[in-house]
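Reviewing the structure listed below.
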Amino acid sequence: MTHATRFRRPSPRDDRLPLAGLLALATAGFVTIMTEALPAGILPAMSADLGVSESAAGQSVMVYAVGSLLAAVPLTAATATWPRRRLLLTAISGFALANTVTAVSSSYPLTMTARFLAGVVAGLLWALVAGYARRMVPAERRGRATAVAMAGTPVALSIGVPAGTSLAGLVGWRSTFGIMTLLSLVLVVWVILAVPSFPGAVRESRLPLRKVPAIPGVAPVLTVTLTFVLAHNLLYTYIAPFLGPVGLADRVDVVLLTFGVASLGSILATGALVDRHLRRLMIAGCSLFAAAALLLGLLGDVPALVYVSAAIWGAGFGGAATVLQTASAEAAGAAGAAGDVAQSLIVTCWNIGIAGGAAAGGVLLGTAGSGSLPWWALVLVAAAFLVTVTSRRHGFPNLARRLARDQALSPAARPDEDVTPV
């Protein structure tokens with residue numbers, strides 16, 4: 001490695017973001033979500049080709065989540081010293097390999113192995129993206145950069161997966177996974193050209209994994225992540241059974257589209273506000289979600305109000321990933337090298353919430369009925385709200401006040417960050 005030259009950040013007065021690099025990160029997130037969720041829309045064709053039942057083919061989504069859950073923390077810790085761009089390219093290449101195998105495999109065990117590999121690299125990538133985006137911009141635009149980098153998620157869920165499902169009906173599900181491989185290869189070139197490379201953590205400065213949750217603020221953020229995502233997936237996973245009794249069984253796609261469009265609007269608003277209003281955004285997100293759950297619980301048998309609830313729910317949920325990853329990064333920022341490990345813990349809690357929501361929702365559906373789902377979601381999101389409100393100093397602080405305090409320091413007194421490209 002040659003001698004590194006000091007990278008100079010743009011002036012704080014320059015409002016431009018490095019959009020080419022940030023959009024490459026957003027595309028990486030898009031590929032991740034598309035790879036995860038695409039099987040849900042093509043289960044009949046996928047199961048027929050692999051010679052298994054639809055429920056068995058559906059486990060391709062579960063095994064992906066398990067891969068992310070198991071790999072995020074240990075892989076992130078093990079690769080903490082790697083140059084960041086090399087690690088990002090490794091993860092994207094992993095998607096290219098996994099989607100290629102999925103596209104050509106006629107063996108169910110081999111397909112499941114490829115899906116597990118995809119989940120492993122997804123866990124690694126999600127732990128990397130937010131911290132990467134934050135290192136590309138000055139401190140006062142970190143939240144906005146994170147929002148751009150995370151935009152691939154709602155785009156994939158609201159537009160990408162339905163479009164991919166339609167495309168699979170035209171060209172076949174295998175060709176659709178092949179297209180995902182091509183997109184990954186294009187993304188490799190894009191990252192090389194547009195994304196700067198930053199060094200990994202210095203080995204001596206790495207914080208032991210067991211100490212990361214003890215950093216002030218990290219535990220509350222993890223708790224809010226777990227309860228908020230658990231509440232969401234408890235209801236979202238079983239939205240079709242919930243809508244059936246109110247006569248909307250054939251309108252599930254429209255309800256989810258309403259949710260998705262509101263989510264897109266939410267992430268745009270979050271990007272504009274998160275740098276100064278992190279705490280208020282999380283409180284607002286919990287409040288909106290709670291209002292939607294209460295409305296569904298009380299008046300979920302009124303079709304028009306179901307659409308209203310879906311829009312409110314989407315508005316509360318859309319920016320959550322950006323807010324929670326920003327909160328995690330801010331909490332771990334004082335620990336420097338702990339940032340990516342803290343992000344990996346967010347990924348782990350998020351995937352536990354996905355799996356736990358599906359499992360708990362299934363139990364509730366079979367015992368208390370679909371009408372109980374909004375009420376349990378309300379209980380969980382209320383817990384997330386209480387933790388957010390009580391984490392005023394650490395976890396979910398007033399960033400506007402902190403930023404004003406930091407800007408009052410002279411440049412000489414302000415700590416210098418490591419922004420040295422490799």
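Quick note on naming: the chains in the structure tokens go A, B, ... in the order shown, residues restart at 1 in each chain, and ligands are numbered from 1 in order of appearance.
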
### Task
Select from region 139-229 of chain A everything DSSP, run on the backbone, classes as helix (DSSP H, G or I), then give the selection as a VMD selection string.
chain A and resid 139 to 150 152 to 171 173 to 194 203 to 205 209 to 214 218 to 229

### Task
Name the residues in contact with region 373-384 of chain A at a cut-off of 7 Å, using only C-alpha atoms, excluding same-chain residues fewer than 6 positions from it; report them as a ChimeraX atom specification.
/A:224,227-228,231-232,234-235,286,290,293-294,296-297,361

Once you count only C-alpha atoms, what closest atom pair and distance in Å to one decimal does each residue of region 178-228 of chain A within 6 Å of region 75-88 of chain A have, with rows by chain and rising residue number, as CSV?
residue,atom,partner,partner_atom,distance
A:Ser197,CA,A:Arg85,CA,4.9
A:Phe198,CA,A:Arg84,CA,5.4
A:Pro199,CA,A:Pro83,CA,4.5
A:Gly200,CA,A:Thr81,CA,4.2
A:Ala201,CA,A:Thr81,CA,4.7

Quick one: write out the picked residues with C-alpha atoms as a compact mmCIF listing (two decimals), in the first residue's frame?
# COMPACT_ATOMS: atom_id res chain seq x y z
CA SER A 197 -12.10 3.89 -0.21
CA PHE A 198 -11.56 4.41 3.50
CA PRO A 199 -9.29 2.40 5.80
CA GLY A 200 -10.67 -0.10 8.26
CA ALA A 201 -10.21 0.21 11.98

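Proximity to Val261 (chain A) was assessed for A:Ala240, A:Leu157, A:Ala163, A:Ala292 counting only C-alpha atoms; the smallest distance is recorded for A:Leu157.
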
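Checking A:Val171, A:Val161, A:Glu330, A:Leu298 one by one against Arg134 (chain A), counting only C-alpha atoms, you find the shortest gap at A:Glu330.
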
### Query
Quick one: of A:Ala28, A:Ala327, A:Leu182, A:Ala37, who's nearest to Ala96 (chain A), counting only C-alpha atoms?
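Checking each candidate against Ala96 (chain A), we get A:Leu182 as the closest.
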
Neighbours of Pro245 (chain A) within 10 Å (only C-alpha atoms; same-chain residues fewer than 2 positions away dropped), as a PDB file with N, CA, C and O atoms, in the first residue's frame?
ATOM      1  N   ALA A 240     -52.610  -9.823   4.962  1.00  0.00           N
ATOM      2  CA  ALA A 240     -53.640 -10.458   4.117  1.00  0.00           C
ATOM      3  C   ALA A 240     -54.722 -11.128   4.955  1.00  0.00           C
ATOM      4  O   ALA A 240     -55.924 -10.911   4.704  1.00  0.00           O
ATOM      5  N   PRO A 241     -54.371 -11.972   5.952  1.00  0.00           N
ATOM      6  CA  PRO A 241     -55.432 -12.536   6.803  1.00  0.00           C
ATOM      7  C   PRO A 241     -56.222 -11.472   7.564  1.00  0.00           C
ATOM      8  O   PRO A 241     -57.418 -11.658   7.826  1.00  0.00           O
ATOM      9  N   PHE A 242     -55.578 -10.368   7.895  1.00  0.00           N
ATOM     10  CA  PHE A 242     -56.287  -9.298   8.601  1.00  0.00           C
ATOM     11  C   PHE A 242     -57.310  -8.631   7.684  1.00  0.00           C
ATOM     12  O   PHE A 242     -58.419  -8.272   8.111  1.00  0.00           O
ATOM     13  N   LEU A 243     -56.944  -8.451   6.409  1.00  0.00           N
ATOM     14  CA  LEU A 243     -57.822  -7.746   5.476  1.00  0.00           C
ATOM     15  C   LEU A 243     -58.967  -8.620   4.961  1.00  0.00           C
ATOM     16  O   LEU A 243     -59.997  -8.098   4.530  1.00  0.00           O
ATOM     17  N   GLY A 247     -63.376  -7.710   3.781  1.00  0.00           N
ATOM     18  CA  GLY A 247     -63.704  -7.629   2.367  1.00  0.00           C
ATOM     19  C   GLY A 247     -62.635  -7.024   1.488  1.00  0.00           C
ATOM     20  O   GLY A 247     -62.926  -6.587   0.375  1.00  0.00           O
ATOM     21  N   LEU A 248     -61.400  -7.020   1.966  1.00  0.00           N
ATOM     22  CA  LEU A 248     -60.310  -6.439   1.179  1.00  0.00           C
ATOM     23  C   LEU A 248     -59.278  -7.493   0.771  1.00  0.00           C
ATOM     24  O   LEU A 248     -58.127  -7.160   0.487  1.00  0.00           O
ATOM     25  N   ALA A 249     -59.691  -8.746   0.718  1.00  0.00           N
ATOM     26  CA  ALA A 249     -58.753  -9.820   0.382  1.00  0.00           C
ATOM     27  C   ALA A 249     -58.159  -9.627  -1.007  1.00  0.00           C
ATOM     28  O   ALA A 249     -56.999 -10.009  -1.248  1.00  0.00           O
ATOM     29  N   GLY A 300     -60.922  -1.182  11.983  1.00  0.00           N
ATOM     30  CA  GLY A 300     -60.342  -1.931  10.875  1.00  0.00           C
ATOM     31  C   GLY A 300     -61.361  -2.593   9.969  1.00  0.00           C
ATOM     32  O   GLY A 300     -60.990  -3.150   8.927  1.00  0.00           O
ATOM     33  N   ASP A 301     -62.648  -2.536  10.355  1.00  0.00           N
ATOM     34  CA  ASP A 301     -63.689  -3.110   9.504  1.00  0.00           C
ATOM     35  C   ASP A 301     -64.279  -2.079   8.554  1.00  0.00           C
ATOM     36  O   ASP A 301     -65.225  -2.369   7.815  1.00  0.00           O
ATOM     37  N   SER A 370     -57.012 -12.695  13.769  1.00  0.00           N
ATOM     38  CA  SER A 370     -56.322 -11.571  13.127  1.00  0.00           C
ATOM     39  C   SER A 370     -56.639 -10.230  13.771  1.00  0.00           C
ATOM     40  O   SER A 370     -55.834  -9.297  13.708  1.00  0.00           O
ATOM     41  N   GLY A 371     -57.789 -10.123  14.413  1.00  0.00           N
ATOM     42  CA  GLY A 371     -58.168  -8.866  15.054  1.00  0.00           C
ATOM     43  C   GLY A 371     -57.268  -8.482  16.205  1.00  0.00           C
ATOM     44  O   GLY A 371     -57.242  -7.310  16.615  1.00  0.00           O
TER      45      GLY A 371
END
